[in-house]
$ cat model08.cif   # mmCIF, C-alpha atoms
data_coords
loop_
_atom_site.label_atom_id
_atom_site.label_comp_id
_atom_site.auth_asym_id
_atom_site.auth_seq_id
_atom_site.Cartn_x
_atom_site.Cartn_y
_atom_site.Cartn_z
CA MET W 111 -19.15 14.24 -8.74
CA ASN W 112 -15.99 12.69 -10.23
CA CYS W 113 -13.21 10.99 -8.23
CA ASN W 114 -10.80 13.97 -8.34
CA LYS W 115 -13.41 16.25 -6.83
CA ALA W 116 -14.43 13.60 -4.27
CA ILE W 117 -10.84 13.13 -3.07
CA LYS W 118 -10.41 16.90 -2.71
CA GLU W 119 -13.42 17.06 -0.42
CA ILE W 120 -12.54 14.12 1.85
CA SER W 121 -10.41 16.20 4.21
CA GLY W 122 -13.15 18.82 4.68
CA TYR W 123 -15.72 16.04 5.10
CA LEU W 124 -13.65 14.51 7.92
CA ASP W 125 -13.63 17.92 9.64
CA GLY W 126 -17.38 18.45 9.19
CA ASP W 127 -16.62 21.51 7.05
CA LEU W 128 -18.82 20.71 4.03
CA ASP W 129 -22.22 22.27 3.47
CA GLU W 130 -25.16 19.88 3.46
CA ALA W 131 -25.53 19.66 -0.34
CA LEU W 132 -21.84 18.91 -0.93
CA LYS W 133 -21.77 16.46 1.96
CA HIS W 134 -24.68 14.48 0.47
CA THR W 135 -23.13 14.45 -2.98
CA LEU W 136 -19.84 13.17 -1.56
CA GLU W 137 -21.57 10.55 0.58
CA ALA W 138 -23.48 9.34 -2.50
CA HIS W 139 -20.19 9.06 -4.41
CA LEU W 140 -18.56 7.12 -1.56
CA THR W 141 -21.38 4.57 -1.54
CA TYR W 142 -20.74 3.47 -5.12
CA CYS W 143 -17.03 4.26 -5.67
CA ASN W 144 -14.88 1.65 -3.96
CA HIS W 145 -11.64 3.51 -4.76
CA CYS W 146 -12.73 6.76 -3.14
CA HIS W 147 -14.28 4.92 -0.22
CA ALA W 148 -10.93 3.18 0.37
CA VAL W 149 -9.17 6.58 0.28
CA TYR W 150 -11.70 8.04 2.72
CA ASP W 151 -11.49 5.06 5.07
CA SER W 152 -7.69 4.88 5.09
CA THR W 153 -7.36 8.66 5.57
CA ARG W 154 -9.56 8.36 8.65
CA LYS W 155 -7.47 5.43 9.91
CA THR W 156 -4.25 7.38 9.25
CA ILE W 157 -5.45 10.17 11.54
CA ASP W 158 -6.53 7.63 14.19
CA LEU W 159 -3.11 5.95 14.17
CA TYR W 160 -1.28 9.22 14.80
CA CYS W 161 -3.75 10.23 17.51
CA ASP W 162 -3.03 7.10 19.51
CA GLY W 163 -1.50 8.32 22.77
CA LYS W 164 0.73 5.25 23.01
CA LEU W 165 2.87 6.42 20.14
CA PHE W 166 6.15 8.22 20.58
CA SER W 167 6.13 7.43 24.27
CA LEU W 168 8.56 9.34 26.47
CA PRO W 169 11.71 7.25 27.07
CA GLU W 170 12.66 6.94 30.75
CA ASP W 171 16.17 8.37 30.20
CA VAL W 172 14.73 11.43 28.42
CA HIS W 173 12.36 11.98 31.36
CA THR W 174 15.27 11.66 33.82
CA ARG W 175 17.48 14.12 31.92
CA LEU W 176 14.64 16.64 31.72
CA HIS W 177 14.09 16.55 35.47
CA GLU W 178 17.83 16.79 36.16
CA ALA W 179 18.09 19.84 33.89
CA LEU W 180 15.09 21.36 35.64
CA LYS W 181 16.62 20.79 39.06
CA ARG W 182 19.83 22.52 37.96
CA LYS W 183 17.81 25.47 36.67
CA MET W 184 15.83 25.66 39.91
CA GLN W 185 19.05 25.62 41.98
CA GLU W 186 20.37 28.54 39.93
CA HIS W 187 17.20 30.46 40.80
CA ALA W 188 17.04 29.42 44.46
CA MET D 171 11.85 11.07 40.71
CA THR D 172 11.21 13.08 43.88
CA GLU D 173 7.88 12.31 45.55
CA LEU D 174 5.60 15.32 45.32
CA PRO D 175 3.16 16.23 48.12
CA GLN D 176 -0.38 14.84 47.71
CA ALA D 177 -1.88 18.36 47.74
CA ILE D 178 0.25 19.30 44.74
CA LEU D 179 -0.63 16.13 42.82
CA ALA D 180 -4.36 16.84 43.21
CA SER D 181 -4.15 20.56 42.33
CA SER D 182 -5.77 22.21 39.34
CA GLU D 183 -3.54 23.60 36.61
CA GLY D 184 -4.39 27.20 37.60
CA HIS D 185 -3.51 26.56 41.23
CA LEU D 186 -0.21 24.95 40.24
CA VAL D 187 0.70 27.96 38.11
CA SER D 188 -0.05 30.35 41.01
CA GLU D 189 1.99 28.19 43.39
CA ALA D 190 4.88 27.93 40.94
CA LYS D 191 4.86 31.71 40.43
CA ALA D 192 5.02 32.12 44.20
CA GLY D 193 8.21 30.05 44.23
CA ASN D 194 6.87 26.56 44.92
CA TYR D 195 9.09 24.49 42.62
CA SER D 196 7.20 21.27 43.37
CA ALA D 197 4.19 22.86 41.70
CA PHE D 198 6.20 23.54 38.54
CA GLU D 199 7.54 19.98 38.62
CA GLU D 200 3.98 18.70 38.70
CA LEU D 201 3.12 20.81 35.63
CA VAL D 202 6.09 19.20 33.88
CA ASN D 203 4.94 15.74 34.95
CA ARG D 204 1.48 16.38 33.54
CA TYR D 205 2.58 17.53 30.10
CA GLU D 206 6.05 16.13 29.38
CA LYS D 207 4.69 13.14 27.44
CA LYS D 208 2.60 15.34 25.18
CA ILE D 209 5.40 17.84 24.59
CA TYR D 210 7.81 15.03 23.73
CA ARG D 211 5.26 13.67 21.25
CA LEU D 212 4.93 17.16 19.77
CA GLY D 213 8.71 17.25 19.31
CA MET D 214 8.76 13.81 17.71
CA ASN D 215 5.94 14.70 15.33
CA ILE D 216 7.37 18.02 14.21
CA THR D 217 11.12 17.37 14.18
CA GLY D 218 10.92 13.69 13.27
CA ASN D 219 13.81 12.51 15.44
CA ARG D 220 14.51 11.65 19.07
CA GLU D 221 17.47 13.95 19.68
CA ASP D 222 15.65 17.04 18.46
CA ALA D 223 12.49 15.99 20.31
CA GLU D 224 14.47 15.78 23.56
CA ASP D 225 15.98 19.23 22.95
CA VAL D 226 12.52 20.66 22.25
CA LEU D 227 11.19 19.10 25.46
CA GLN D 228 14.00 20.44 27.64
CA ASP D 229 14.23 23.86 26.04
CA ALA D 230 10.45 24.39 26.20
CA PHE D 231 10.12 23.58 29.89
CA LEU D 232 13.29 25.42 30.90
CA LYS D 233 12.12 28.47 28.98
CA ALA D 234 8.67 28.20 30.58
CA PHE D 235 10.29 28.06 34.02
CA GLU D 236 12.45 31.07 33.20
CA HIS D 237 9.54 33.12 31.85
CA LEU D 238 6.84 31.98 34.26
CA PRO D 239 6.64 35.43 35.91
CA ASP D 240 5.69 36.85 32.46
CA PHE D 241 2.91 34.28 31.89
CA ARG D 242 -0.27 36.34 32.17
CA GLU D 243 -2.64 33.38 32.64
CA ASP D 244 -5.07 34.62 29.99
CA SER D 245 -4.72 31.17 28.41
CA ARG D 246 -4.13 27.73 29.88
CA PHE D 247 -0.57 26.87 30.88
CA TYR D 248 -0.83 23.92 28.51
CA THR D 249 -1.64 26.18 25.54
CA TRP D 250 1.31 28.37 26.50
CA ILE D 251 3.77 25.47 26.73
CA VAL D 252 2.52 24.07 23.39
CA ARG D 253 3.16 27.45 21.80
CA ILE D 254 6.70 27.60 23.24
CA ALA D 255 7.41 24.02 22.16
CA VAL D 256 6.11 24.56 18.61
CA ASN D 257 8.38 27.59 18.26
CA GLU D 258 11.35 25.60 19.59
CA ALA D 259 10.60 22.76 17.16
CA LEU D 260 10.25 25.13 14.21
CA MET D 261 13.54 26.80 15.13
CA LYS D 262 15.20 23.36 15.15
CA LEU D 263 13.88 22.71 11.66
CA ARG D 264 15.05 26.08 10.38
CA LYS D 265 18.55 25.36 11.65
CA ARG D 266 18.73 22.14 9.69
CA ARG D 267 20.41 22.50 6.35
CA ASN D 268 17.80 20.38 4.59
CA SER D 269 14.80 22.07 6.14
CA ARG D 270 13.83 24.02 3.05
CA GLU D 271 10.11 23.88 2.33
CA LEU D 272 10.17 21.46 -0.59
CA PRO D 273 7.01 20.84 -2.54
CA MET D 274 5.64 17.32 -2.38
CA GLU D 275 6.35 16.83 -6.06
CA ASP D 276 5.90 13.11 -6.20
CA SER D 277 2.38 13.36 -4.83
CA GLU D 278 1.22 16.18 -7.10
CA ASP D 279 0.66 16.29 -10.83
CA ASP D 280 1.78 19.09 -13.22
CA ASN D 281 -1.21 21.21 -12.23
CA GLY D 282 -0.45 20.95 -8.52
CA GLU D 283 -3.31 18.50 -8.02
CA VAL D 284 -2.79 15.78 -5.43
CA VAL D 285 -2.22 12.41 -7.05
CA VAL D 286 -3.55 9.34 -5.29
CA ARG D 287 -1.88 6.11 -6.36
CA GLU D 288 -2.94 3.71 -3.61
CA PHE D 289 -6.61 2.78 -3.81
CA ALA D 290 -6.58 -0.57 -2.04
CA ASP D 291 -8.43 -1.17 1.23
CA TRP D 292 -6.24 -1.60 4.27
CA LYS D 293 -5.83 -4.78 6.22
CA PRO D 294 -8.00 -4.61 9.34
CA ASN D 295 -6.43 -3.19 12.55
CA PRO D 296 -2.88 -2.51 11.31
CA GLU D 297 -2.00 -1.27 14.80
CA GLN D 298 -2.49 -4.81 16.10
CA GLN D 299 -0.38 -6.43 13.41
CA TYR D 300 2.90 -4.74 14.26
CA ALA D 301 4.97 -4.57 17.40
CA GLN D 302 4.83 -1.14 19.04
CA ALA D 303 8.40 -0.25 18.02
CA GLU D 304 7.80 -1.29 14.42
CA LEU D 305 4.56 0.69 14.22
CA GLU D 306 6.33 3.76 15.63
CA ARG D 307 9.05 3.38 13.01
CA ILE D 308 6.46 3.17 10.21
CA LEU D 309 4.56 6.21 11.48
CA GLN D 310 7.74 8.20 12.02
CA GLN D 311 8.83 7.40 8.47
CA GLY D 312 5.45 8.68 7.28
CA VAL D 313 5.81 11.95 9.21
CA ASN D 314 9.35 12.39 7.89
CA SER D 315 8.05 12.17 4.33
CA LEU D 316 6.20 15.47 4.85
CA PRO D 317 7.83 18.87 4.48
CA PRO D 318 8.09 20.50 7.94
CA GLY D 319 5.34 23.06 7.37
CA PHE D 320 2.88 20.32 6.45
CA ARG D 321 3.99 18.07 9.30
CA THR D 322 3.41 20.85 11.82
CA VAL D 323 -0.08 21.60 10.56
CA PHE D 324 -0.98 17.90 10.63
CA TYR D 325 0.32 17.55 14.18
CA LEU D 326 -1.46 20.61 15.55
CA ARG D 327 -4.80 19.86 13.87
CA ASP D 328 -5.06 16.09 13.94
CA VAL D 329 -2.93 14.99 16.87
CA GLU D 330 -3.14 17.97 19.19
CA GLY D 331 -6.73 18.77 18.22
CA LEU D 332 -6.30 22.52 17.76
CA SER D 333 -8.92 24.23 15.61
CA THR D 334 -8.07 25.47 12.12
CA GLU D 335 -8.18 29.06 13.45
CA GLU D 336 -5.90 28.29 16.42
CA THR D 337 -3.42 26.54 14.14
CA ALA D 338 -3.48 29.45 11.71
CA GLU D 339 -2.81 31.92 14.51
CA LEU D 340 0.00 29.88 16.01
CA LEU D 341 1.78 29.38 12.70
CA GLU D 342 0.92 32.82 11.31
CA LEU D 343 -0.81 31.30 8.29
CA SER D 344 -4.19 32.01 6.72
CA VAL D 345 -7.08 29.65 7.50
CA GLY D 346 -7.10 28.65 3.83
CA ALA D 347 -3.39 27.78 3.92
CA VAL D 348 -3.91 25.60 7.00
CA LYS D 349 -6.76 23.72 5.29
CA ALA D 350 -4.76 23.24 2.10
CA ARG D 351 -1.70 21.96 3.97
CA LEU D 352 -3.80 19.67 6.12
CA PHE D 353 -5.50 18.17 3.06
CA ARG D 354 -2.16 17.47 1.38
CA ALA D 355 -0.52 16.21 4.56
CA ARG D 356 -3.34 13.77 5.30
CA LEU D 357 -3.35 12.39 1.77
CA ARG D 358 0.41 12.10 1.63
CA LEU D 359 0.57 10.26 4.96
CA ARG D 360 -2.25 7.99 3.88
CA GLU D 361 -0.38 7.25 0.67
CA GLU D 362 2.80 6.38 2.58
CA LEU D 363 1.00 4.13 5.08
CA SER D 364 -1.08 2.49 2.35
CA LYS D 365 2.10 1.08 0.80
CA ILE D 366 2.55 -0.91 4.00
CA PHE D 367 -0.96 -1.51 5.30
CA LYS D 368 -2.82 -2.33 2.06
CA ARG D 369 -4.43 -5.71 1.59
CA GLY D 370 -2.84 -8.31 -0.61
#

$ encode --input "model08.cif" --output "structure tokens"
Amino acid sequence: MNCNKAIKEISGYLDGDLDEALKHTLEAHLTYCNHCHAVYDSTRKTIDLYCDGKLFSLPEDVHTRLHEALKRKMQEHA
Amino acid sequence: MTELPQAILASSEGHLVSEAKAGNYSAFEELVNRYEKKIYRLGMNITGNREDAEDVLQDAFLKAFEHLPDFREDSRFYTWIVRIAVNEALMKLRKRRNSRELPMEDSEDDNGEVVVREFADWKPNPEQQYAQAELERILQQGVNSLPPGFRTVFYLRDVEGLSTEETAELLELSVGAVKARLFRARLRLREELSKIFKRG
């Protein structure tokens, strides 16, 4: 497996989408290719960073305005 | 914020929906309390800015309140509100003048193959090396570097945790198109973050 092919398969590998044979070939490549291993590792870390629930936290004023808008809507319906 | 009754706070999502449909507004407020953070994050991830994210948040919940009688409860309320919010966010993007689906030319070669330029290992624990606000700015910049269609797929699959099939259905794309966009989005984001987080 060359590096171009390895990089193409990293996304599927992270999702557990690869068949066993392809998975083993990619894993073998990642053990000896530092470049591709760095791409694999940093792709995984990229996903982890965006999954972190602390990011893009809801600002208090946005929360307040949402609930005020909701109250107005509920009064219209009452 | 108004204090909600203890019974409402401890209710299941299904019970809250039934109560809200029966006219108990406290129950709907509790549904908003449970999911507002996630829907705001959805708006930030897809639209890439605070103003639009706030609009998405408000419009999605107000629309859900308005159309609650039509909600058939054959899916979770949360899935329903995500669907409404994604549509609101996509509408926002379509209204923007610069929201055309541009190819990610600088990260693809002449044959449309993804080009990886950053091969260095990252510094350990980048999330601990930056203040929260700075990290958010870096990640937001990364998201903004993606065309909207790619950003939305990345958000739904990797942040929201929807399956490839669910994402395809929601965005009316083929499964193959979702996988291809996800692959490119992940590599592009990684490339952007690598410029900042690489060692040395």

$ resolve_selection --input "model08.cif" --expression "the PyMOL selection byres ((chain W and resi 143-159) around 7)" --output "ChimeraX atom specification"
/W:113,117,120,139-142,160-162 /D:289-292,328,356-357,360

$ closest_residue --input "model08.cif" --among "W:Lys181, W:Glu130, W:Thr174, W:Leu168" --to "Ala223 in chain D" --atoms "all atoms listed in the file"
W:Leu168

$ interface_residues --input "model08.cif" --of "chain D" --to "chain W" --cutoff "8 Å" --atoms "only C-alpha atoms" --output "PyMOL selection string"
chain D and resi 171+195+206-207+210-211+214+224+227-228+231-232+288-292+297+302+306+309+328-330+352-353+356-357+359-360+363-364

$ atom_distance --input "model08.cif" --atom1 "CA of Lys368 in chain D" --atom2 "CA of His134 in chain W"
27.6 Å

$ resolve_selection --input "model08.cif" --expression "the PyMOL selection byres ((chain D and resi 198) around 10)" --output "NGL selection string"
(:W and (180 or 184)) or (:D and (178 or 183 or 186-191 or 193-197 or 199-204 or 231 or 234-235 or 238))

$ resolve_selection --input "model08.cif" --expression "the PyMOL selection byres ((chain D and resi 337) around 12)" --output "PyMOL selection string"
chain D and resi 249+252-253+256+319-320+322-336+338-349+351-352

$ atom_distance --input "model08.cif" --atom1 "CA of Tyr300 in chain D" --atom2 "CA of Glu170 in chain W"
22.4 Å

$ closest_residue --input "model08.cif" --among "D:Val226, D:Ala192, D:Ala355, D:Leu179" --to "Lys262 in chain D" --atoms "only C-alpha atoms"
D:Val226

$ atom_distance --input "model08.cif" --atom1 "CA of Pro239 in chain D" --atom2 "CA of Ile216 in chain D"
27.8 Å

$ decode --input "model08.cif" --residues "range 175-186 of chain W" --atoms "all heavy atoms" --output "PDB file, in the first residue's frame"
ATOM      1  N   ARG W 175     -32.377  35.461  25.627  1.00  0.00           N
ATOM      2  CA  ARG W 175     -33.208  35.936  24.510  1.00  0.00           C
ATOM      3  C   ARG W 175     -34.082  34.816  23.943  1.00  0.00           C
ATOM      4  O   ARG W 175     -35.226  35.044  23.557  1.00  0.00           O
ATOM      5  CB  ARG W 175     -32.325  36.552  23.416  1.00  0.00           C
ATOM      6  CG  ARG W 175     -31.804  37.942  23.785  1.00  0.00           C
ATOM      7  CD  ARG W 175     -31.235  38.658  22.572  1.00  0.00           C
ATOM      8  NE  ARG W 175     -29.997  38.055  22.101  1.00  0.00           N
ATOM      9  CZ  ARG W 175     -28.784  38.369  22.584  1.00  0.00           C
ATOM     10  NH1 ARG W 175     -28.661  39.270  23.543  1.00  0.00           N
ATOM     11  NH2 ARG W 175     -27.698  37.792  22.105  1.00  0.00           N
ATOM     12  N   LEU W 176     -33.561  33.603  23.921  1.00  0.00           N
ATOM     13  CA  LEU W 176     -34.356  32.469  23.438  1.00  0.00           C
ATOM     14  C   LEU W 176     -35.591  32.276  24.318  1.00  0.00           C
ATOM     15  O   LEU W 176     -36.707  32.133  23.815  1.00  0.00           O
ATOM     16  CB  LEU W 176     -33.502  31.181  23.434  1.00  0.00           C
ATOM     17  CG  LEU W 176     -34.279  29.874  23.224  1.00  0.00           C
ATOM     18  CD1 LEU W 176     -34.923  29.816  21.836  1.00  0.00           C
ATOM     19  CD2 LEU W 176     -33.356  28.659  23.401  1.00  0.00           C
ATOM     20  N   HIS W 177     -35.380  32.302  25.632  1.00  0.00           N
ATOM     21  CA  HIS W 177     -36.501  32.059  26.542  1.00  0.00           C
ATOM     22  C   HIS W 177     -37.500  33.219  26.532  1.00  0.00           C
ATOM     23  O   HIS W 177     -38.703  32.991  26.682  1.00  0.00           O
ATOM     24  CB  HIS W 177     -35.982  31.730  27.945  1.00  0.00           C
ATOM     25  CG  HIS W 177     -35.444  30.320  28.015  1.00  0.00           C
ATOM     26  ND1 HIS W 177     -36.181  29.264  28.483  1.00  0.00           N
ATOM     27  CD2 HIS W 177     -34.264  29.807  27.596  1.00  0.00           C
ATOM     28  CE1 HIS W 177     -35.469  28.154  28.371  1.00  0.00           C
ATOM     29  NE2 HIS W 177     -34.295  28.456  27.841  1.00  0.00           N
ATOM     30  N   GLU W 178     -37.010  34.430  26.305  1.00  0.00           N
ATOM     31  CA  GLU W 178     -37.923  35.573  26.187  1.00  0.00           C
ATOM     32  C   GLU W 178     -38.782  35.432  24.924  1.00  0.00           C
ATOM     33  O   GLU W 178     -39.994  35.664  24.959  1.00  0.00           O
ATOM     34  CB  GLU W 178     -37.136  36.885  26.131  1.00  0.00           C
ATOM     35  CG  GLU W 178     -36.619  37.308  27.504  1.00  0.00           C
ATOM     36  CD  GLU W 178     -35.593  38.447  27.417  1.00  0.00           C
ATOM     37  OE1 GLU W 178     -35.242  38.873  26.284  1.00  0.00           O
ATOM     38  OE2 GLU W 178     -35.132  38.875  28.485  1.00  0.00           O
ATOM     39  N   ALA W 179     -38.138  35.038  23.822  1.00  0.00           N
ATOM     40  CA  ALA W 179     -38.870  34.869  22.558  1.00  0.00           C
ATOM     41  C   ALA W 179     -39.918  33.767  22.701  1.00  0.00           C
ATOM     42  O   ALA W 179     -41.037  33.878  22.189  1.00  0.00           O
ATOM     43  CB  ALA W 179     -37.891  34.537  21.432  1.00  0.00           C
ATOM     44  N   LEU W 180     -39.534  32.717  23.410  1.00  0.00           N
ATOM     45  CA  LEU W 180     -40.437  31.593  23.637  1.00  0.00           C
ATOM     46  C   LEU W 180     -41.654  32.027  24.466  1.00  0.00           C
ATOM     47  O   LEU W 180     -42.792  31.657  24.164  1.00  0.00           O
ATOM     48  CB  LEU W 180     -39.657  30.501  24.374  1.00  0.00           C
ATOM     49  CG  LEU W 180     -40.184  29.083  24.298  1.00  0.00           C
ATOM     50  CD1 LEU W 180     -40.265  28.615  22.859  1.00  0.00           C
ATOM     51  CD2 LEU W 180     -39.250  28.164  25.088  1.00  0.00           C
ATOM     52  N   LYS W 181     -41.378  32.828  25.481  1.00  0.00           N
ATOM     53  CA  LYS W 181     -42.471  33.305  26.342  1.00  0.00           C
ATOM     54  C   LYS W 181     -43.462  34.137  25.535  1.00  0.00           C
ATOM     55  O   LYS W 181     -44.669  34.001  25.683  1.00  0.00           O
ATOM     56  CB  LYS W 181     -41.908  34.150  27.495  1.00  0.00           C
ATOM     57  CG  LYS W 181     -41.336  33.295  28.585  1.00  0.00           C
ATOM     58  CD  LYS W 181     -41.478  33.960  29.950  1.00  0.00           C
ATOM     59  CE  LYS W 181     -41.264  32.927  31.027  1.00  0.00           C
ATOM     60  NZ  LYS W 181     -39.921  32.321  30.971  1.00  0.00           N
ATOM     61  N   ARG W 182     -42.915  35.002  24.652  1.00  0.00           N
ATOM     62  CA  ARG W 182     -43.797  35.828  23.817  1.00  0.00           C
ATOM     63  C   ARG W 182     -44.666  34.933  22.929  1.00  0.00           C
ATOM     64  O   ARG W 182     -45.857  35.135  22.791  1.00  0.00           O
ATOM     65  CB  ARG W 182     -42.960  36.787  22.948  1.00  0.00           C
ATOM     66  CG  ARG W 182     -42.400  37.984  23.717  1.00  0.00           C
ATOM     67  CD  ARG W 182     -41.917  39.066  22.759  1.00  0.00           C
ATOM     68  NE  ARG W 182     -40.829  38.610  21.914  1.00  0.00           N
ATOM     69  CZ  ARG W 182     -39.540  38.636  22.265  1.00  0.00           C
ATOM     70  NH1 ARG W 182     -39.185  39.109  23.449  1.00  0.00           N
ATOM     71  NH2 ARG W 182     -38.613  38.193  21.440  1.00  0.00           N
ATOM     72  N   LYS W 183     -44.039  33.918  22.350  1.00  0.00           N
ATOM     73  CA  LYS W 183     -44.763  32.997  21.477  1.00  0.00           C
ATOM     74  C   LYS W 183     -45.856  32.265  22.262  1.00  0.00           C
ATOM     75  O   LYS W 183     -46.981  32.093  21.779  1.00  0.00           O
ATOM     76  CB  LYS W 183     -43.754  32.011  20.878  1.00  0.00           C
ATOM     77  CG  LYS W 183     -44.303  31.009  19.915  1.00  0.00           C
ATOM     78  CD  LYS W 183     -44.841  31.609  18.662  1.00  0.00           C
ATOM     79  CE  LYS W 183     -43.965  31.439  17.462  1.00  0.00           C
ATOM     80  NZ  LYS W 183     -44.519  32.062  16.265  1.00  0.00           N
ATOM     81  N   MET W 184     -45.515  31.856  23.489  1.00  0.00           N
ATOM     82  CA  MET W 184     -46.490  31.126  24.306  1.00  0.00           C
ATOM     83  C   MET W 184     -47.670  32.028  24.697  1.00  0.00           C
ATOM     84  O   MET W 184     -48.806  31.575  24.732  1.00  0.00           O
ATOM     85  CB  MET W 184     -45.804  30.571  25.566  1.00  0.00           C
ATOM     86  CG  MET W 184     -44.908  29.381  25.272  1.00  0.00           C
ATOM     87  SD  MET W 184     -43.877  28.950  26.686  1.00  0.00           S
ATOM     88  CE  MET W 184     -43.142  27.404  26.112  1.00  0.00           C
ATOM     89  N   GLN W 185     -47.371  33.313  24.947  1.00  0.00           N
ATOM     90  CA  GLN W 185     -48.445  34.255  25.294  1.00  0.00           C
ATOM     91  C   GLN W 185     -49.407  34.446  24.109  1.00  0.00           C
ATOM     92  O   GLN W 185     -50.606  34.540  24.285  1.00  0.00           O
ATOM     93  CB  GLN W 185     -47.858  35.591  25.745  1.00  0.00           C
ATOM     94  CG  GLN W 185     -47.465  35.554  27.219  1.00  0.00           C
ATOM     95  CD  GLN W 185     -46.474  36.646  27.593  1.00  0.00           C
ATOM     96  OE1 GLN W 185     -46.172  37.522  26.769  1.00  0.00           O
ATOM     97  NE2 GLN W 185     -45.975  36.606  28.810  1.00  0.00           N
ATOM     98  N   GLU W 186     -48.815  34.470  22.900  1.00  0.00           N
ATOM     99  CA  GLU W 186     -49.660  34.599  21.700  1.00  0.00           C
ATOM    100  C   GLU W 186     -50.631  33.423  21.599  1.00  0.00           C
ATOM    101  O   GLU W 186     -51.744  33.559  21.127  1.00  0.00           O
ATOM    102  CB  GLU W 186     -48.801  34.567  20.423  1.00  0.00           C
ATOM    103  CG  GLU W 186     -48.080  35.850  20.111  1.00  0.00           C
ATOM    104  CD  GLU W 186     -47.060  35.643  18.982  1.00  0.00           C
ATOM    105  OE1 GLU W 186     -47.224  34.693  18.177  1.00  0.00           O
ATOM    106  OE2 GLU W 186     -46.083  36.408  18.917  1.00  0.00           O
TER     107      GLU W 186
END
